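K.L.:
First, the structure itself, so that you have it in front of you.
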Amino acid sequence: MSTPTDRQYASSHEWIKEDGDVSVVGITDFAQDQLGDVVYVELPEVGRVVTAGETVAVVESVKTASDIYAPASGEITEVNDALTASPEKINEGALDGGWLFKMRVDTFSPDLMDAAGYEAANG
């Protein structure tokens, strides 16, 4: 499984990647593999202000439903609407086309890890 070094990771298996003045958020390759086939995604509303650690989305698979937590505090600026019709995009590319939402970050969670730390925790 892939753990790119260009982003930070939460112990709850979300990743966040800075992209200009916004940051992109998704779930890790490890998480999508553990979930199995994703069949439904509930995304946050654009404009919602969230706090790091707050539940902001839900990903459902044939196995289970999993809460998605904000890896930072800030405002949701965009959601990946393509996932509504095709939630399997998360399985096809959790680290790129299967991103969940973008946000303008005020403060990153102090608990975020780099790729090496995330891999060590999920060896």
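By convention here, the chains of the structure tokens are called A, B, ... in the order presented, each chain's residues are numbered starting at 1, and ligands are numbered starting at 1 in the order presented.
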Which neighbours of stretch 19-24 of chain A fall inside 7 Å, counting only C-alpha atoms, when residues of the same chain fewer than 6 positions from it are skipped, and could you give them as a list in words?
P.N.:
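In the requested format, the answer is Trp99, Phe101, Lys102, Met103, Arg104 and Val105 of chain A.
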K.L.:
Neighbours of A:Leu112 within 10 Å (only C-alpha atoms; same-chain residues fewer than 4 positions away dropped), as a ChimeraX atom specification?
P.N.:
/A:7-12,14-16,71-72,108,117-118
K.L.:
If you keep N, CA and C atoms, can you produce a file of those selected residues as an mmCIF file, in the first residue's frame?
P.N.:
```
data_model
loop_
_atom_site.group_PDB
_atom_site.id
_atom_site.type_symbol
_atom_site.label_atom_id
_atom_site.label_comp_id
_atom_site.auth_asym_id
_atom_site.auth_seq_id
_atom_site.Cartn_x
_atom_site.Cartn_y
_atom_site.Cartn_z
ATOM 1 N N ARG A 7 2.011 14.521 2.267
ATOM 2 C CA ARG A 7 0.832 14.833 3.084
ATOM 3 C C ARG A 7 1.048 14.362 4.506
ATOM 4 N N GLN A 8 0.114 14.744 5.381
ATOM 5 C CA GLN A 8 0.157 14.324 6.775
ATOM 6 C C GLN A 8 -0.995 13.361 7.027
ATOM 7 N N TYR A 9 -0.857 12.556 8.076
ATOM 8 C CA TYR A 9 -1.808 11.488 8.351
ATOM 9 C C TYR A 9 -2.306 11.530 9.795
ATOM 10 N N ALA A 10 -3.583 11.185 9.957
ATOM 11 C CA ALA A 10 -4.175 11.065 11.288
ATOM 12 C C ALA A 10 -4.193 9.591 11.678
ATOM 13 N N SER A 11 -4.156 9.314 12.966
ATOM 14 C CA SER A 11 -4.220 7.924 13.429
ATOM 15 C C SER A 11 -5.557 7.286 13.064
ATOM 16 N N SER A 12 -6.572 8.101 12.781
ATOM 17 C CA SER A 12 -7.894 7.595 12.377
ATOM 18 C C SER A 12 -7.976 7.386 10.862
ATOM 19 N N GLU A 14 -7.185 9.351 8.118
ATOM 20 C CA GLU A 14 -7.396 10.404 7.139
ATOM 21 C C GLU A 14 -6.033 10.968 6.732
ATOM 22 N N TRP A 15 -5.961 11.507 5.522
ATOM 23 C CA TRP A 15 -4.768 12.241 5.103
ATOM 24 C C TRP A 15 -5.186 13.664 4.742
ATOM 25 N N ILE A 16 -4.230 14.583 4.839
ATOM 26 C CA ILE A 16 -4.452 15.971 4.447
ATOM 27 C C ILE A 16 -3.214 16.451 3.705
ATOM 28 N N PRO A 71 -8.964 16.418 9.997
ATOM 29 C CA PRO A 71 -7.575 16.422 10.453
ATOM 30 C C PRO A 71 -7.068 17.828 10.795
ATOM 31 N N ALA A 72 -7.967 18.803 10.644
ATOM 32 C CA ALA A 72 -7.611 20.188 10.917
ATOM 33 C C ALA A 72 -8.877 20.969 11.228
ATOM 34 N N PHE A 108 -3.909 22.973 12.009
ATOM 35 C CA PHE A 108 -3.784 21.532 11.826
ATOM 36 C C PHE A 108 -3.813 20.842 13.185
ATOM 37 N N GLY A 117 5.788 7.939 10.175
ATOM 38 C CA GLY A 117 5.086 7.730 11.440
ATOM 39 C C GLY A 117 3.804 6.952 11.260
ATOM 40 N N TYR A 118 3.070 7.275 10.175
ATOM 41 C CA TYR A 118 1.815 6.561 9.906
ATOM 42 C C TYR A 118 2.093 5.099 9.592
#
```
K.L.:
Taking 2 positions as the minimum chain separation for residues in the same chain, which residues sit within 8 Å of stretch 36-44 of chain A when counting only C-alpha atoms? Answer as a ChimeraX atom specification.
P.N.:
/A:32-34,46,48,56-63,76,79,83-84,87-88,90-91,100-101
K.L.:
Contacts of A:Ala120 at 12 Å or less, counting only C-alpha atoms, minus same-chain residues fewer than 4 places along, as an mmCIF file with C-alpha atoms, in the first residue's frame?
P.N.:
```cif
data_model
loop_
_atom_site.group_PDB
_atom_site.id
_atom_site.type_symbol
_atom_site.label_atom_id
_atom_site.label_comp_id
_atom_site.auth_asym_id
_atom_site.auth_seq_id
_atom_site.Cartn_x
_atom_site.Cartn_y
_atom_site.Cartn_z
ATOM 1 C CA THR A 3 1.808 6.236 1.851
ATOM 2 C CA TYR A 9 -1.808 11.488 8.351
ATOM 3 C CA SER A 11 -4.220 7.924 13.429
ATOM 4 C CA MET A 113 2.009 12.200 11.494
ATOM 5 C CA ASP A 114 4.321 12.130 8.522
ATOM 6 C CA ALA A 115 4.283 9.105 6.205
ATOM 7 C CA ALA A 116 6.963 7.235 8.173
#
```
